[in-house]
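*Asks:* Take this structure, written in structure tokens, and hold onto it; I'll ask about it next.
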Amino acid sequence: MKSIFCFILMLGVSFLSAQTLEDQTSMTFNANNYEMLNLHNYKGEVTITAHNQSTIEVKAVRKLSAKSSAKLEKAKQEVFLDSTVIDGALIVFVNAPDRKLEINEDGQASYNSNEWSNWNKSNIKKYDTKYEFILEVKMPASMDLYASNHHSMLDVRGINGKLTAKSHHKGVYVKTGSTDVTVKSHHGDVTVDHTSENVVIGNYKSHHGDIKTSFPDLSARVEMTSHHGSLYTDFDYDYTSTPVKNSGNGKKTKYKSKGGASIQIGSGKAELYYKTHHGDSIISRTNS
């Protein structure tokens, strides 16, 4: 009985020793000063919507969890939402000791960690403070956007400029009238609802997830490559791949050819590219 009581007491002490913090902050920028918004979160849901203002507004909820009050106080100073400007692009990102934002030659940014390039974790002291940022962003609809997230959902609505949205270990949802769209996910579904048929170029990619796209109307050349996946559409089409079989409802036709498919919907020259690994690609008519 004494040993059981001691164990329960130890659990209680461990629980009480955990220190947490949740606070809020906001940033406002004049959108006229920037060519695009480049937003990078690491953990925490991100919601981006369009508004009729000439500002970029970022509201953040920061959540920290540390093993002691001293570590929490330190994290309050070294883990925060930050911003910078590179080649006319406003970059908003999470600043933390265990994450380094790197900019490639194309001006795109991504997080890097010493742990990712050192698989045996030798000579690495792990940062043991947990953090999360829940972001709500409002920006002009016509502005270009590059947004990425990790471990949490990315939701983008109403942005009609050139748009790139990516998430790792979670899904991406996009509702857009953009003519140039790139949406990718790793271990999550990609869902894109196009509000206009005026798409010029679309790139959709998912690893261990489905790609679901919808259009009010469509006239485009469609290329799909997949490992363990198929392409489905309920639009009328001409095909360059041999149809294998019809799906059960009689409306959507399945194509497979050497791990890929190529079809022409309408006579337009728009180009749509679908790439999946263990996932299907679906092209549907809005509200069909």
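Going by the structure tokens order, chains are called A, B, ..., each with residues numbered from 1, while ligands are numbered from 1 in the order shown.
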Find the residues near Leu145 in chain A: any atom within 9 Å, counting only C-alpha atoms, skip ones fewer than 4 places away on the same chain, and give them as a list in words.
*Replies:*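 Contacts, in chain order: Met36, Leu37, Asn38, Leu39, Ile159, Asn160, Gly161, Lys162, Leu163, Thr164 and Ala165 of chain A.
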*Asks:* From the list A:Ala31, A:Ala220, A:Ala75, A:Val46, which residue is nearest Val156 in chain A when using only C-alpha atoms?
*Replies:*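 Ranked by minimum distance to Val156 in chain A, first place goes to A:Val46.
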*Asks:* Quick one: residues within 12 Å of Pro97 in chain A, only C-alpha atoms counted, chain neighbours fewer than 4 positions away excluded, as an MDAnalysis selection string?
*Replies:* chainID A and resid 74:80 101 111:114 125:131
*Asks:* Please provide the set of residues having any atom within 10 Å of Ser54 in chain A, restricted to only C-alpha atoms, with same-chain residues fewer than 3 positions apart removed, written as a PyMOL selection string.
*Replies:* chain A and resi 29-33+51+57+138-141+143
*Asks:* Once you have the residues from the selection above, write them out as an mmCIF file, in the first residue's frame, restricted to N, CA and C atoms.
*Replies:*
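Wrote again-v4.cif, looks like this:
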data_model
loop_
_atom_site.group_PDB
_atom_site.id
_atom_site.type_symbol
_atom_site.label_atom_id
_atom_site.label_comp_id
_atom_site.auth_asym_id
_atom_site.auth_seq_id
_atom_site.Cartn_x
_atom_site.Cartn_y
_atom_site.Cartn_z
ATOM 1 N N PHE A 29 0.240 44.853 -41.052
ATOM 2 C CA PHE A 29 1.178 45.367 -42.050
ATOM 3 C C PHE A 29 0.400 46.052 -43.171
ATOM 4 N N ASN A 30 1.019 47.043 -43.794
ATOM 5 C CA ASN A 30 0.453 47.689 -44.973
ATOM 6 C C ASN A 30 0.760 46.818 -46.186
ATOM 7 N N ALA A 31 -0.262 46.203 -46.768
ATOM 8 C CA ALA A 31 -0.060 45.264 -47.873
ATOM 9 C C ALA A 31 0.538 45.934 -49.103
ATOM 10 N N ASN A 32 0.356 47.230 -49.240
ATOM 11 C CA ASN A 32 0.894 47.937 -50.401
ATOM 12 C C ASN A 32 2.422 47.953 -50.420
ATOM 13 N N ASN A 33 3.032 47.633 -49.298
ATOM 14 C CA ASN A 33 4.493 47.657 -49.213
ATOM 15 C C ASN A 33 5.146 46.334 -49.611
ATOM 16 N N HIS A 51 -9.909 39.748 -47.172
ATOM 17 C CA HIS A 51 -10.783 40.845 -46.748
ATOM 18 C C HIS A 51 -10.576 42.031 -47.685
ATOM 19 N N GLU A 57 -3.318 41.265 -41.663
ATOM 20 C CA GLU A 57 -3.524 41.166 -40.218
ATOM 21 C C GLU A 57 -3.264 39.734 -39.763
ATOM 22 N N LYS A 138 -5.735 37.640 -42.168
ATOM 23 C CA LYS A 138 -6.586 38.296 -43.157
ATOM 24 C C LYS A 138 -5.689 39.115 -44.074
ATOM 25 N N MET A 139 -5.977 39.039 -45.379
ATOM 26 C CA MET A 139 -5.125 39.711 -46.353
ATOM 27 C C MET A 139 -5.940 40.059 -47.591
ATOM 28 N N PRO A 140 -5.442 40.961 -48.458
ATOM 29 C CA PRO A 140 -6.162 41.290 -49.690
ATOM 30 C C PRO A 140 -6.313 40.073 -50.596
ATOM 31 N N ALA A 141 -7.459 39.957 -51.240
ATOM 32 C CA ALA A 141 -7.750 38.785 -52.073
ATOM 33 C C ALA A 141 -6.804 38.665 -53.259
ATOM 34 N N MET A 143 -3.662 39.468 -53.519
ATOM 35 C CA MET A 143 -2.247 39.350 -53.173
ATOM 36 C C MET A 143 -1.759 37.914 -53.335
#
*Asks:* Rounded to one decimal in Å, what is the spacing between CA of Thr84 in chain A and CA of Tyr42 in chain A?
*Replies:*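 Value for the CA of Thr84 in chain A-CA of Tyr42 in chain A distance: 16.8 Å.
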*Asks:* Which of these residues is nearest to Leu218 in chain A, using only C-alpha atoms: A:Gln264, A:Gln19, A:Thr276, A:Ser281?
*Replies:* A:Gln264
*Asks:* Pick out each residue of range 168-286 of chain A that DSSP on the backbone tags as strand (DSSP E); I need them as a VMD selection string.
*Replies:* chain A and resid 168 172 to 176 180 to 186 190 to 194 201 to 207 211 to 215 220 to 227 231 to 233 238 to 239 243 to 246 253 to 255 260 to 265 270 to 277 281 to 285
*Asks:* Given the choices A:Thr176, A:Thr286, A:Thr233, A:Thr191, which gets closest to Ala261 in chain A if the distance is worked out from only C-alpha atoms?
*Replies:*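 Of the candidates, the smallest distance to Ala261 in chain A is held by A:Thr233.
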*Asks:* Expressed in Å to a single decimal, how great is the separation between CA of Ser152 in chain A and CA of Thr179 in chain A?
*Replies:*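 Between CA of Ser152 in chain A and CA of Thr179 in chain A the gap is 26.2 Å.
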*Asks:* Distance table requested - range 82-175 of chain A against range 193-200 of chain A, cut-off 9 Å, only C-alpha atoms: one row per qualifying residue with the closest atom pair and its distance in Å to one decimal, ordered by chain and rising residue number, as CSV.
*Replies:*
residue,atom,partner,partner_atom,distance
A:Gly158,CA,A:Thr195,CA,8.9
A:Tyr173,CA,A:Asp193,CA,8.1
A:Val174,CA,A:Asp193,CA,6.2
A:Lys175,CA,A:Asp193,CA,4.7
*Asks:* Quick one: everything within 12 Å of His227 in chain A, counting only C-alpha atoms, minus sequence neighbours fewer than 5 positions away in the same chain. Send it as a list of chain:residue names.
*Replies:*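 Counting only the stated atoms, we get A:Lys205, A:Ser206, A:His207, A:His208, A:Gly209, A:Asp210, A:Lys256, A:Ser257, A:Lys258, A:Gly259, A:Gly260, A:Ala261, A:Tyr274, A:Lys275, A:Thr276, A:His277, A:His278, A:Gly279, A:Asp280, A:Ser281.
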*Asks:* Could you find all residues in range 39-212 of chain A that DSSP calls helix (DSSP H, G or I) from the backbone, and write them as a ChimeraX atom specification?
*Replies:* /A:69-78
*Asks:* With distances taken over only C-alpha atoms, which of A:His168, A:Lys71, A:Arg62, A:Arg285 is nearest to Thr213 in chain A?
*Replies:* A:Arg285
*Asks:* Compare A:Ser262, A:Ser167, A:Asn149, A:Ser65 by their minimum atom-to-atom distance to Thr20 in chain A, counting only C-alpha atoms, and give me the closest one.
*Replies:*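 Selected residue with least distance to Thr20 in chain A: A:Ser65.
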